[in-house]
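Listing of target27.txt; format and content: compact mmCIF, C-alpha atoms and all ligand atoms.
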```
# COMPACT_ATOMS: atom_id res chain seq x y z
CA MET A 1 0.00 0.00 0.00
CA LYS A 2 1.21 3.49 -0.75
CA ALA A 3 0.99 6.60 1.39
CA GLN A 4 -1.85 8.86 0.36
CA VAL A 5 -0.21 12.22 -0.01
CA LYS A 6 -2.00 14.92 -1.88
CA SER A 7 -0.44 16.70 -4.76
CA SER A 8 -0.06 20.07 -3.17
CA GLU A 9 -0.74 21.96 -0.01
CA SER A 10 -3.15 24.15 -1.91
CA SER A 11 -5.91 21.58 -1.52
CA LEU A 12 -7.80 20.14 1.42
CA HIS A 13 -9.72 17.92 -0.94
CA GLY A 14 -8.47 15.46 -3.51
CA GLY A 15 -6.17 12.50 -2.98
CA SER A 16 -3.51 12.10 -5.63
CA THR A 17 0.13 11.37 -4.86
CA PRO A 18 2.74 14.04 -5.67
CA SER A 19 5.28 13.22 -8.33
CA ARG A 20 8.97 13.39 -7.52
CA ALA A 21 9.13 16.57 -9.62
CA GLU A 22 6.40 18.20 -7.54
CA ILE A 23 8.16 17.25 -4.31
CA THR A 24 11.47 18.62 -5.58
CA LYS A 25 9.71 21.83 -6.61
CA SER A 26 8.24 22.17 -3.10
CA LEU A 27 11.77 21.98 -1.69
CA ASP A 28 13.18 24.35 -4.31
CA ASP A 29 10.54 26.89 -3.26
CA GLY A 30 12.08 26.83 0.21
CA LEU A 31 11.21 25.24 3.52
CA PHE A 32 9.67 28.37 5.03
CA GLU A 33 7.62 28.98 1.88
CA LEU A 34 6.26 25.44 2.16
CA ILE A 35 5.33 25.92 5.82
CA GLY A 36 4.13 29.47 5.23
CA GLU A 37 1.90 28.62 2.28
CA HIS A 38 -0.99 27.76 4.59
CA ARG A 39 0.26 29.65 7.63
CA HIS A 40 1.29 26.68 9.75
CA GLU A 41 2.23 27.97 13.18
CA GLN A 42 4.95 25.47 13.98
CA VAL A 43 6.69 22.37 12.69
CA SER A 44 8.81 20.35 15.09
CA ILE A 45 11.27 17.73 13.87
CA TRP A 46 12.78 15.32 16.38
CA HIS A 47 15.43 12.67 15.76
CA ASP A 48 16.38 10.14 18.44
CA PRO A 49 18.73 7.62 16.75
CA ASP A 50 19.05 5.49 19.90
CA ALA A 51 15.27 4.99 19.95
CA GLY A 52 15.04 4.61 16.16
CA TYR A 53 12.68 7.59 16.17
CA ARG A 54 12.24 10.13 13.38
CA GLY A 55 9.11 12.20 13.90
CA ILE A 56 7.54 15.42 12.67
CA ILE A 57 4.76 17.27 14.50
CA ALA A 58 2.93 19.98 12.57
CA ILE A 59 0.75 22.51 14.35
CA HIS A 60 -1.38 24.31 11.80
CA ASN A 61 -3.55 26.60 13.89
CA THR A 62 -4.35 26.96 17.59
CA THR A 63 -6.82 29.86 17.40
CA LEU A 64 -9.71 27.71 18.66
CA GLY A 65 -7.73 25.59 21.11
CA PRO A 66 -4.90 23.06 21.40
CA ALA A 67 -4.03 21.33 18.14
CA LEU A 68 -5.41 17.80 18.20
CA GLY A 69 -4.65 15.16 15.60
CA GLY A 70 -3.40 11.60 15.39
CA THR A 71 0.05 10.12 14.92
CA ARG A 72 0.56 8.37 11.60
CA MET A 73 3.41 5.87 11.12
CA TRP A 74 4.39 5.29 7.54
CA THR A 75 7.25 4.26 5.25
CA TYR A 76 7.45 7.48 3.29
CA GLU A 77 9.57 7.44 0.15
CA ASN A 78 11.53 10.40 1.46
CA ASP A 79 11.44 12.88 4.32
CA LEU A 80 9.91 15.67 2.27
CA GLU A 81 6.96 13.44 1.40
CA ALA A 82 6.47 12.93 5.15
CA LEU A 83 6.63 16.68 5.74
CA ILE A 84 4.10 17.43 3.00
CA ASP A 85 1.77 14.76 4.40
CA VAL A 86 1.90 16.11 7.94
CA LEU A 87 1.36 19.69 6.74
CA ARG A 88 -1.70 18.65 4.74
CA LEU A 89 -3.16 16.45 7.47
CA SER A 90 -2.69 19.03 10.23
CA ARG A 91 -4.41 21.70 8.15
CA GLY A 92 -7.31 19.34 7.54
CA MET A 93 -7.68 18.89 11.31
CA THR A 94 -8.02 22.66 11.79
CA TYR A 95 -10.93 22.73 9.35
CA LYS A 96 -12.55 19.59 10.75
CA ALA A 97 -12.54 20.87 14.33
CA ALA A 98 -13.72 24.33 13.29
CA VAL A 99 -16.67 23.06 11.25
CA ALA A 100 -17.66 20.68 14.06
CA GLY A 101 -17.77 23.62 16.48
CA LEU A 102 -15.06 22.18 18.74
CA ASN A 103 -12.59 24.26 20.72
CA LEU A 104 -9.65 22.53 19.12
CA GLY A 105 -6.96 23.57 16.71
CA GLY A 106 -5.39 21.47 13.99
CA GLY A 107 -2.26 19.37 14.32
CA LYS A 108 -0.91 16.02 13.27
CA SER A 109 2.26 14.02 13.56
CA VAL A 110 4.05 11.47 11.44
CA ILE A 111 6.65 8.94 12.43
CA VAL A 112 8.85 7.90 9.53
CA GLY A 113 9.13 4.14 9.81
CA ASP A 114 7.62 0.76 9.12
CA PRO A 115 4.10 0.59 10.62
CA ASN A 116 4.68 -3.14 11.17
CA GLU A 117 7.76 -2.47 13.35
CA THR A 118 7.59 -4.82 16.33
CA ASP A 119 9.90 -3.03 18.80
CA ARG A 120 7.53 -0.11 19.33
CA GLY A 121 8.19 0.97 22.93
CA PRO A 122 11.35 3.06 22.37
CA ILE A 123 9.89 4.74 19.27
CA PHE A 124 6.60 5.75 20.87
CA ARG A 125 8.19 6.79 24.17
CA ALA A 126 10.46 9.09 22.14
CA HIS A 127 7.38 10.41 20.37
CA GLY A 128 5.78 10.99 23.77
CA ARG A 129 8.79 13.12 24.80
CA HIS A 130 8.46 15.03 21.55
CA VAL A 131 4.75 15.69 22.23
CA GLN A 132 5.55 16.70 25.82
CA SER A 133 8.15 19.22 24.59
CA LEU A 134 5.27 21.23 23.07
CA SER A 135 3.67 21.65 26.51
CA GLY A 136 0.08 20.93 25.45
CA ARG A 137 -0.03 22.97 22.25
CA TYR A 138 -0.43 19.58 20.51
CA ILE A 139 -2.48 16.58 21.68
CA THR A 140 -2.04 13.27 19.89
CA ALA A 141 -4.15 10.16 19.25
CA GLU A 142 -3.95 7.03 17.11
CA ASP A 143 -4.11 7.13 13.32
CA VAL A 144 -3.06 5.02 10.33
CA GLY A 145 -0.23 2.68 11.35
CA THR A 146 -0.62 3.25 15.11
CA SER A 147 -2.80 1.65 17.79
CA THR A 148 -4.12 2.18 21.29
CA SER A 149 -1.20 0.16 22.71
CA ASP A 150 1.21 2.66 21.05
CA MET A 151 -0.70 5.44 22.82
CA GLU A 152 0.05 3.72 26.14
CA PHE A 153 3.81 4.11 25.45
CA ILE A 154 3.25 7.79 24.63
CA ARG A 155 1.28 8.20 27.88
CA GLU A 156 4.36 7.11 29.84
CA GLU A 157 5.98 10.39 28.74
CA THR A 158 3.11 12.87 28.40
CA GLU A 159 -0.49 13.49 29.39
CA TYR A 160 -1.19 15.09 26.00
CA VAL A 161 -2.57 11.93 24.38
CA VAL A 162 -6.18 10.77 23.93
CA GLY A 163 -7.80 7.58 22.69
CA LEU A 164 -6.24 5.33 25.31
CA ALA A 165 -7.80 1.95 26.02
CA GLY A 166 -10.63 2.24 28.52
CA ARG A 167 -11.27 5.94 27.83
CA SER A 168 -13.44 7.27 24.98
CA GLY A 169 -13.21 3.91 23.19
CA ASP A 170 -14.04 2.94 19.62
CA PRO A 171 -15.01 6.15 17.75
CA SER A 172 -16.94 4.31 15.01
CA PRO A 173 -20.44 4.38 16.59
CA MET A 174 -20.10 8.16 17.10
CA THR A 175 -18.84 8.63 13.54
CA ALA A 176 -21.76 6.57 12.22
CA LEU A 177 -24.25 8.63 14.26
CA GLY A 178 -22.84 11.85 12.78
CA VAL A 179 -22.94 10.45 9.23
CA TYR A 180 -26.53 9.29 9.74
CA ARG A 181 -27.57 12.74 11.02
CA GLY A 182 -25.72 14.49 8.20
CA MET A 183 -27.36 12.21 5.66
CA LYS A 184 -30.79 13.17 7.05
CA ALA A 185 -29.89 16.85 6.63
CA CYS A 186 -29.03 16.17 2.97
CA ALA A 187 -32.38 14.41 2.55
CA GLN A 188 -34.16 17.43 4.03
CA VAL A 189 -32.59 19.62 1.34
CA ALA A 190 -33.07 17.14 -1.50
CA TYR A 191 -36.59 15.90 -0.73
CA GLY A 192 -38.10 18.47 1.66
CA SER A 193 -38.26 15.79 4.38
CA ASP A 194 -35.44 14.26 6.37
CA SER A 195 -37.12 10.87 6.56
CA LEU A 196 -35.00 8.07 5.13
CA ALA A 197 -37.82 5.51 5.35
CA GLY A 198 -38.19 3.83 1.99
CA LYS A 199 -35.07 5.48 0.56
CA THR A 200 -32.50 3.20 -1.04
CA VAL A 201 -29.03 3.78 0.39
CA THR A 202 -25.90 2.15 -1.03
CA VAL A 203 -23.19 1.66 1.58
CA GLN A 204 -19.65 0.96 0.36
CA GLY A 205 -17.76 -0.79 3.16
CA CYS A 206 -19.39 -2.72 6.02
CA GLY A 207 -16.52 -2.15 8.46
CA HIS A 208 -16.65 -0.36 11.79
CA VAL A 209 -18.52 2.74 10.64
CA GLY A 210 -20.45 1.11 7.80
CA TYR A 211 -21.95 -1.50 10.12
CA TYR A 212 -23.29 1.05 12.63
CA LEU A 213 -24.51 3.31 9.83
CA CYS A 214 -26.47 0.41 8.34
CA LYS A 215 -28.02 -0.22 11.77
CA HIS A 216 -29.32 3.37 12.00
CA LEU A 217 -30.62 3.26 8.44
CA TYR A 218 -32.32 -0.11 8.89
CA GLU A 219 -34.01 1.06 12.08
CA GLU A 220 -35.42 4.03 10.18
CA GLY A 221 -36.74 1.85 7.37
CA ALA A 222 -34.25 2.56 4.61
CA LYS A 223 -33.51 -0.11 1.99
CA LEU A 224 -29.85 -1.07 2.03
CA VAL A 225 -27.59 -2.20 -0.79
CA VAL A 226 -24.08 -2.89 0.48
CA SER A 227 -20.62 -3.97 -0.68
CA ASP A 228 -17.37 -5.00 0.95
CA ILE A 229 -14.30 -6.88 -0.24
CA ASP A 230 -14.79 -9.07 2.84
CA ASP A 231 -17.79 -11.36 2.19
CA ARG A 232 -18.27 -12.09 5.90
CA LYS A 233 -18.92 -8.42 6.62
CA VAL A 234 -21.47 -8.25 3.80
CA LYS A 235 -23.20 -11.37 5.12
CA GLN A 236 -23.48 -9.91 8.63
CA VAL A 237 -25.21 -6.76 7.34
CA VAL A 238 -27.41 -8.77 4.96
CA ASP A 239 -28.46 -11.07 7.83
CA GLU A 240 -28.96 -8.41 10.50
CA PHE A 241 -30.35 -5.50 8.49
CA ARG A 242 -32.04 -7.18 5.50
CA ALA A 243 -29.53 -5.57 3.13
CA THR A 244 -28.82 -6.70 -0.42
CA GLY A 245 -25.17 -7.44 -1.11
CA VAL A 246 -23.50 -6.54 -4.42
CA ALA A 247 -19.97 -7.02 -5.76
CA PRO A 248 -17.54 -4.17 -4.85
CA ASP A 249 -17.32 -2.89 -8.43
CA ASP A 250 -21.11 -2.84 -8.85
CA ILE A 251 -21.99 -0.48 -5.97
CA TYR A 252 -21.63 2.75 -7.97
CA ALA A 253 -24.15 1.83 -10.67
CA VAL A 254 -26.96 0.78 -8.31
CA ASP A 255 -30.15 2.76 -8.88
CA ALA A 256 -30.42 4.36 -5.45
CA ASP A 257 -31.23 7.61 -3.67
CA ILE A 258 -28.09 7.97 -1.56
CA PHE A 259 -24.50 6.70 -1.84
CA ALA A 260 -22.55 6.37 1.42
CA PRO A 261 -18.81 5.78 0.88
CA CYS A 262 -17.51 4.14 4.09
CA ALA A 263 -14.42 2.33 2.85
CA LEU A 264 -11.80 4.17 0.81
CA GLY A 265 -10.76 7.64 -0.27
CA ALA A 266 -10.89 9.01 -3.84
CA VAL A 267 -14.05 7.05 -4.71
CA VAL A 268 -15.69 10.07 -6.33
CA ASN A 269 -13.59 10.02 -9.48
CA ASP A 270 -13.82 10.12 -13.28
CA ASP A 271 -15.00 6.52 -13.46
CA SER A 272 -17.54 6.47 -10.61
CA ILE A 273 -19.10 9.82 -11.37
CA THR A 274 -20.44 8.64 -14.72
CA LEU A 275 -22.06 5.63 -13.02
CA LEU A 276 -23.67 7.31 -9.99
CA LYS A 277 -27.45 7.70 -10.28
CA VAL A 278 -28.03 9.01 -6.76
CA ASP A 279 -29.28 12.35 -5.43
CA ILE A 280 -26.92 12.46 -2.45
CA VAL A 281 -23.35 11.38 -1.61
CA ALA A 282 -22.93 11.24 2.18
CA GLY A 283 -20.54 8.86 3.91
CA ALA A 284 -17.74 8.43 6.42
CA ALA A 285 -14.69 7.90 4.23
CA ASN A 286 -11.91 10.48 4.34
CA ASN A 287 -10.85 12.29 1.16
CA GLN A 288 -13.79 11.08 -0.92
CA LEU A 289 -13.09 13.43 -3.83
CA ASP A 290 -10.27 12.15 -6.03
CA GLU A 291 -9.62 15.76 -6.99
CA GLU A 292 -11.46 19.00 -6.21
CA ARG A 293 -12.90 19.05 -9.72
CA HIS A 294 -14.91 15.96 -8.81
CA GLY A 295 -16.66 18.05 -6.15
CA ASP A 296 -17.40 20.57 -8.89
CA ALA A 297 -18.73 17.77 -11.09
CA LEU A 298 -21.15 16.57 -8.37
CA HIS A 299 -22.33 20.16 -7.97
CA GLU A 300 -22.86 20.55 -11.72
CA ARG A 301 -24.86 17.32 -11.84
CA GLY A 302 -27.09 18.49 -9.00
CA ILE A 303 -25.89 15.74 -6.65
CA ILE A 304 -25.82 16.92 -3.04
CA TYR A 305 -22.43 16.16 -1.47
CA ALA A 306 -21.92 16.21 2.30
CA PRO A 307 -18.24 17.27 2.61
CA ASP A 308 -16.34 14.37 4.14
CA TYR A 309 -14.58 16.19 6.96
CA ALA A 310 -17.83 17.87 8.03
CA ILE A 311 -19.98 14.74 8.10
CA ASN A 312 -17.39 12.34 9.58
CA ALA A 313 -16.37 14.52 12.55
CA GLY A 314 -18.01 12.14 15.05
CA GLY A 315 -14.67 10.38 15.65
CA LEU A 316 -13.02 13.68 16.56
CA ILE A 317 -15.99 14.54 18.78
CA ASN A 318 -15.52 11.17 20.49
CA VAL A 319 -11.89 11.81 21.47
CA ASN A 320 -12.61 15.44 22.26
CA ALA A 321 -14.77 14.10 25.11
CA GLU A 322 -11.50 13.15 26.84
CA VAL A 323 -10.17 16.70 26.47
CA GLU A 324 -13.43 18.32 27.64
CA GLY A 325 -14.50 15.70 30.18
CA TRP A 326 -17.78 15.06 28.34
CA ASP A 327 -20.00 12.08 29.11
CA LEU A 328 -21.34 9.84 26.34
CA GLU A 329 -24.66 11.68 26.10
CA ARG A 330 -22.93 15.04 25.61
CA SER A 331 -20.79 13.56 22.82
CA ARG A 332 -23.85 12.03 21.16
CA GLN A 333 -25.57 15.40 21.31
CA LYS A 334 -22.58 17.06 19.67
CA ALA A 335 -22.41 14.39 16.95
CA SER A 336 -26.15 14.87 16.33
CA GLU A 337 -25.45 18.55 15.68
CA ILE A 338 -23.74 17.47 12.46
CA TYR A 339 -27.30 17.66 11.09
CA ALA A 340 -27.32 21.45 11.62
CA THR A 341 -23.75 21.77 10.36
CA ILE A 342 -24.54 20.05 7.07
CA LEU A 343 -27.70 22.15 6.63
CA ARG A 344 -25.60 25.27 7.15
CA VAL A 345 -22.92 24.13 4.70
CA LEU A 346 -25.56 23.39 2.06
CA GLN A 347 -27.20 26.75 2.68
CA ILE A 348 -23.88 28.59 2.20
CA ALA A 349 -23.33 26.60 -0.99
CA SER A 350 -26.79 27.47 -2.28
CA ASP A 351 -26.58 31.17 -1.36
CA ALA A 352 -23.13 31.61 -2.86
CA GLY A 353 -23.64 29.25 -5.81
CA ILE A 354 -20.54 27.27 -4.90
CA PRO A 355 -19.91 23.52 -4.45
CA SER A 356 -20.49 22.25 -0.93
CA TYR A 357 -16.86 21.29 -0.33
CA ARG A 358 -15.92 24.93 -0.79
CA ALA A 359 -18.81 26.01 1.44
CA ALA A 360 -17.45 23.81 4.26
CA ASP A 361 -14.02 25.44 3.95
CA ARG A 362 -15.71 28.84 4.07
CA LEU A 363 -17.67 27.97 7.22
CA ALA A 364 -14.50 26.72 8.94
CA GLY A 365 -12.55 29.82 7.87
CA GLU A 366 -15.27 32.11 9.20
CA ARG A 367 -15.32 30.44 12.61
CA ILE A 368 -11.53 30.72 12.94
CA ALA A 369 -11.55 34.35 11.77
CA GLU A 370 -14.29 35.23 14.30
CA ALA A 371 -12.33 33.60 17.12
CA ALA A 372 -9.13 35.38 16.04
CA ALA A 373 -10.97 38.74 15.92
CA ALA A 374 -12.48 38.12 19.37
CA LYS A 375 -9.02 37.34 20.76
CA GLN A 376 -7.60 40.52 19.25
CA GLY A 377 -10.52 42.49 20.69
CA VAL A 378 -9.72 41.15 24.15
CA ALA A 379 -5.99 41.80 23.83
P1 LIG B 1 -12.82 -0.26 8.53
O1 LIG B 1 -11.47 -0.67 8.07
O2 LIG B 1 -13.39 -0.86 9.77
O3 LIG B 1 -13.89 -0.53 7.36
C1 LIG B 1 -13.62 -0.31 6.03
C2 LIG B 1 -14.26 -1.46 5.27
O4 LIG B 1 -14.14 -1.21 3.88
C3 LIG B 1 -13.61 -2.81 5.54
O5 LIG B 1 -14.60 -3.73 5.93
C4 LIG B 1 -12.99 -3.17 4.20
O6 LIG B 1 -13.01 -4.58 3.95
C5 LIG B 1 -13.89 -2.45 3.25
N1 LIG B 1 -13.35 -2.19 1.92
C6 LIG B 1 -12.07 -1.98 1.56
N2 LIG B 1 -11.99 -1.81 0.24
C7 LIG B 1 -13.25 -1.88 -0.24
C8 LIG B 1 -13.83 -1.78 -1.53
N3 LIG B 1 -13.08 -1.56 -2.62
N4 LIG B 1 -15.16 -1.92 -1.66
C9 LIG B 1 -15.93 -2.14 -0.58
N5 LIG B 1 -15.44 -2.26 0.66
C10 LIG B 1 -14.11 -2.14 0.83
O7 LIG B 1 -12.78 1.34 8.62
P2 LIG B 1 -13.83 2.29 9.36
O8 LIG B 1 -13.28 2.63 10.69
O9 LIG B 1 -15.18 1.75 9.23
O10 LIG B 1 -13.68 3.60 8.48
C11 LIG B 1 -14.27 3.67 7.19
C12 LIG B 1 -13.87 4.98 6.53
O11 LIG B 1 -14.30 6.08 7.35
C13 LIG B 1 -12.37 5.17 6.35
O12 LIG B 1 -12.14 5.92 5.19
C14 LIG B 1 -11.98 6.01 7.56
O13 LIG B 1 -10.82 6.77 7.33
C15 LIG B 1 -13.19 6.89 7.69
N6 LIG B 1 -13.39 7.42 9.05
C16 LIG B 1 -13.57 6.57 10.08
C17 LIG B 1 -13.78 7.07 11.37
C18 LIG B 1 -14.00 6.13 12.53
O14 LIG B 1 -14.46 6.62 13.58
N7 LIG B 1 -13.71 4.86 12.41
C19 LIG B 1 -13.82 8.46 11.58
C20 LIG B 1 -13.67 9.32 10.48
C21 LIG B 1 -13.45 8.78 9.22
```
Mind converting the file's structure to structure tokens?
Amino acid sequence: MKAQVKSSESSLHGGSTPSRAEITKSLDDGLFELIGEHRHEQVSIWHDPDAGYRGIIAIHNTTLGPALGGTRMWTYENDLEALIDVLRLSRGMTYKAAVAGLNLGGGKSVIVGDPNETDRGPIFRAHGRHVQSLSGRYITAEDVGTSTSDMEFIREETEYVVGLAGRSGDPSPMTALGVYRGMKACAQVAYGSDSLAGKTVTVQGCGHVGYYLCKHLYEEGAKLVVSDIDDRKVKQVVDEFRATGVAPDDIYAVDADIFAPCALGAVVNDDSITLLKVDIVAGAANNQLDEERHGDALHERGIIYAPDYAINAGGLINVNAEVEGWDLERSRQKASEIYATILRVLQIASDAGIPSYRAADRLAGERIAEAAAAKQGVA
């Protein structure tokens, strides 16, 4: 598997990998230009050869609160690719937290190394010291290539880590709740009613989030058509929620009302877009648009798109409970508010005549600008 690194820091959306030429150009432009392009506040690079640790922490923006974002461990082709990835991911976290109405900033970290490394203690303890050196400006959590047991090593060195075993727990039910609520908001706009009873929803991926999403939809009376590359997961959803299973490649062409991508990124692409017959695309997957122009294409075709980072913020809300000391009910309430968030995003899109993915960026930018202005007013 290859690291998903987007082609430039100019985009929050879109998932293509930068060419070597693009990476070299980024470096030729200068390190501070690269970091300054999207006004990252701080990038910290830490090397501990004895521990086998090479890590980068990027803090994009702390206007709304401490920068929270997971630690990714990956075998990047080169160090600059790792830097570009962490800059992009940390910026995405700023927008995600802002749109979700959380008092969190955006940050992320990457550890350059094999995610299957077995001697993990020294590496993650070193990462914990790195996190601690930032004195709470950055709070970490698990991400691709890391696990809750890695977070335990980090916790030995710093309190600025969330998502530990026995705390907020599996984020998937909260993510699914948020996606379900966001999907209902899309239905309200598309059909004048947010009822999903009788609607046909295609769900790509019956994993952690997909399973719980199917449960919500089944309980409301939606008809489910599902796919997964793992037949056992399809069978479970077919058995429990009276879904119809289809082959992975066939999910896009199903005649349905709503498509919910809950597996992979970049699934809204040149190939799928010609096949989709739905009114709404609303799902949990990160980076659903292959490129920004695919968001434009959905807009042009009149397909309502719930921007991925706005509708799948339930997982972030779940770990934020540890930062804020929220109980489960408070987190569920916050995840349910994704309904109002998606309505607002779609309203901005409609008023301004812009695609919804741009409207989400605008909403996030406005919230950060308001908070920055309020801070300046106080100062
Ligand atoms: P998961 O790994 O539990 O489930 C993904 C499922 O997709 C797996 O069952 C896998 O077999 C299946 N899959 C893979 N390729 C497929 C294909 N080509 N066609 C159909 N199915 C395929 O992951 P998850 O935690 O359920 O997350 C799903 C998506 O939502 C991911 O993109 C993830 O980044 C995103 N997301 C998850 C959370 C969360 O709380 N878990 C939060 C935000 C975003």
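The two atoms in question, CA of Met73 in chain A and CA of Thr146 in chain A, are spaced 6.2 Å apart.
With CA of Ala313 in chain A on one side and CA of Arg358 in chain A on the other, the separation reads 16.9 Å.
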**Message:** Using only C-alpha atoms for the distances, tell me which of A:Met174, A:Ala284, A:Ile111, A:Leu68 is nearest to Ile317 in chain A.
**Reply:** A:Met174
When you look at Gly283 in chain A with a cut-off of 10 Å (counting all atoms listed in the file), what residues show up, excluding the ones that are within fewer than 2 positions of it in the same chain? I need them as a short mmCIF file (atom, residue, chain, number, x, y, z; two decimals) with C-alpha atoms, in the coordinates of the input.
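Result file follows (selection.cif):
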```cif
data_model
loop_
_atom_site.label_atom_id
_atom_site.label_comp_id
_atom_site.auth_asym_id
_atom_site.auth_seq_id
_atom_site.Cartn_x
_atom_site.Cartn_y
_atom_site.Cartn_z
CA THR A 175 -18.84 8.63 13.54
CA ALA A 176 -21.76 6.57 12.22
CA GLY A 178 -22.84 11.85 12.78
CA VAL A 179 -22.94 10.45 9.23
CA TYR A 180 -26.53 9.29 9.74
CA GLY A 182 -25.72 14.49 8.20
CA MET A 183 -27.36 12.21 5.66
CA THR A 202 -25.90 2.15 -1.03
CA VAL A 203 -23.19 1.66 1.58
CA GLN A 204 -19.65 0.96 0.36
CA VAL A 209 -18.52 2.74 10.64
CA GLY A 210 -20.45 1.11 7.80
CA LEU A 213 -24.51 3.31 9.83
CA ILE A 258 -28.09 7.97 -1.56
CA PHE A 259 -24.50 6.70 -1.84
CA ALA A 260 -22.55 6.37 1.42
CA PRO A 261 -18.81 5.78 0.88
CA CYS A 262 -17.51 4.14 4.09
CA ALA A 263 -14.42 2.33 2.85
CA ILE A 280 -26.92 12.46 -2.45
CA VAL A 281 -23.35 11.38 -1.61
CA ALA A 285 -14.69 7.90 4.23
CA ASN A 286 -11.91 10.48 4.34
CA GLN A 288 -13.79 11.08 -0.92
CA TYR A 305 -22.43 16.16 -1.47
CA ALA A 306 -21.92 16.21 2.30
CA PRO A 307 -18.24 17.27 2.61
CA ASP A 308 -16.34 14.37 4.14
CA TYR A 309 -14.58 16.19 6.96
CA ILE A 311 -19.98 14.74 8.10
CA ASN A 312 -17.39 12.34 9.58
#
```
Enclose all atoms of ligand LIG 1 (chain B) listed in the file in an axis-aligned box, grow every side by 3 Å, and hand back centre and edge lengths in Å to one decimal, as JSON.
```
{"center_x": -13.4, "center_y": 2.4, "center_z": 5.5, "size_x": 11.1, "size_y": 19.9, "size_z": 22.2}
```
Which residues come within 10 Å of Ala58 in chain A, counting only C-alpha atoms, excluding same-chain residues fewer than 2 positions away, as a short mmCIF file (atom, residue, chain, number, x, y, z; two decimals) with C-alpha atoms, keeping the file's coordinate frame?
```cif
data_model
loop_
_atom_site.label_atom_id
_atom_site.label_comp_id
_atom_site.auth_asym_id
_atom_site.auth_seq_id
_atom_site.Cartn_x
_atom_site.Cartn_y
_atom_site.Cartn_z
CA ILE A 35 5.33 25.92 5.82
CA HIS A 40 1.29 26.68 9.75
CA GLU A 41 2.23 27.97 13.18
CA GLN A 42 4.95 25.47 13.98
CA VAL A 43 6.69 22.37 12.69
CA SER A 44 8.81 20.35 15.09
CA ILE A 45 11.27 17.73 13.87
CA ILE A 56 7.54 15.42 12.67
CA HIS A 60 -1.38 24.31 11.80
CA ASN A 61 -3.55 26.60 13.89
CA ALA A 67 -4.03 21.33 18.14
CA GLY A 69 -4.65 15.16 15.60
CA LEU A 83 6.63 16.68 5.74
CA ILE A 84 4.10 17.43 3.00
CA ASP A 85 1.77 14.76 4.40
CA VAL A 86 1.90 16.11 7.94
CA LEU A 87 1.36 19.69 6.74
CA ARG A 88 -1.70 18.65 4.74
CA LEU A 89 -3.16 16.45 7.47
CA SER A 90 -2.69 19.03 10.23
CA ARG A 91 -4.41 21.70 8.15
CA GLY A 106 -5.39 21.47 13.99
CA GLY A 107 -2.26 19.37 14.32
CA LYS A 108 -0.91 16.02 13.27
CA SER A 109 2.26 14.02 13.56
CA VAL A 110 4.05 11.47 11.44
CA TYR A 138 -0.43 19.58 20.51
#
```
**Message:** Give me, as a VMD selection string, all polymer residues having an atom no more than 8 Å from Tyr160 in chain A, counting all atoms listed in the file and skipping those fewer than 3 positions away in the same chain.
**Reply:** chain A and resid 131 to 132 136 138 to 140 155
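As for CA of Ile368 in chain A and CA of Thr63 in chain A, they are spaced 6.5 Å apart.
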**Fill in**
Using only C-alpha atoms and all ligand atoms, the best pick from A:Asp249, A:Glu300, A:Glu292, A:Glu37 as closest to ligand LIG 1 (chain B) would be A:Asp249
**Message:** Set the distance at 10 Å and use all atoms listed in the file: which residues neighbour Asp361 in chain A once local chain neighbours fewer than 2 positions away are removed? I'd like the list as a list of chain:residue names.
**Reply:**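 Answer for this query is A:Leu12, A:His13, A:Gly92, A:Tyr95, A:Lys96, A:Ala98, A:Val99, A:Pro307, A:Tyr309, A:Ala310, A:Val345, A:Ser356, A:Tyr357, A:Arg358, A:Ala359, A:Leu363, A:Ala364, A:Gly365, A:Glu366.
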Output C-alpha atoms for every residue in that selection, as an mmCIF file, in the frame of the given file.
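Produced file result.cif, reproduced below:
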```
data_model
loop_
_atom_site.group_PDB
_atom_site.id
_atom_site.type_symbol
_atom_site.label_atom_id
_atom_site.label_comp_id
_atom_site.auth_asym_id
_atom_site.auth_seq_id
_atom_site.Cartn_x
_atom_site.Cartn_y
_atom_site.Cartn_z
ATOM 1 C CA LEU A 12 -7.800 20.140 1.420
ATOM 2 C CA HIS A 13 -9.720 17.920 -0.940
ATOM 3 C CA GLY A 92 -7.310 19.340 7.540
ATOM 4 C CA TYR A 95 -10.930 22.730 9.350
ATOM 5 C CA LYS A 96 -12.550 19.590 10.750
ATOM 6 C CA ALA A 98 -13.720 24.330 13.290
ATOM 7 C CA VAL A 99 -16.670 23.060 11.250
ATOM 8 C CA PRO A 307 -18.240 17.270 2.610
ATOM 9 C CA TYR A 309 -14.580 16.190 6.960
ATOM 10 C CA ALA A 310 -17.830 17.870 8.030
ATOM 11 C CA VAL A 345 -22.920 24.130 4.700
ATOM 12 C CA SER A 356 -20.490 22.250 -0.930
ATOM 13 C CA TYR A 357 -16.860 21.290 -0.330
ATOM 14 C CA ARG A 358 -15.920 24.930 -0.790
ATOM 15 C CA ALA A 359 -18.810 26.010 1.440
ATOM 16 C CA LEU A 363 -17.670 27.970 7.220
ATOM 17 C CA ALA A 364 -14.500 26.720 8.940
ATOM 18 C CA GLY A 365 -12.550 29.820 7.870
ATOM 19 C CA GLU A 366 -15.270 32.110 9.200
#
```
**Request:** Tell me which of A:Tyr191, A:Asp257, A:Phe241, A:Thr200 sits closest to Cys214 in chain A, counting all atoms listed in the file.
**Result:** A:Phe241
**Asked** Do you know which residues are at most 12 Å from Val161 in chain A counting only C-alpha atoms, after dropping those on the same chain fewer than 5 positions away, and could you put them as number ranges by chain?
**Response** A: 66-71, 108, 124-125, 127-132, 135-142, 148-156, 167-168, 319-320, 322-323
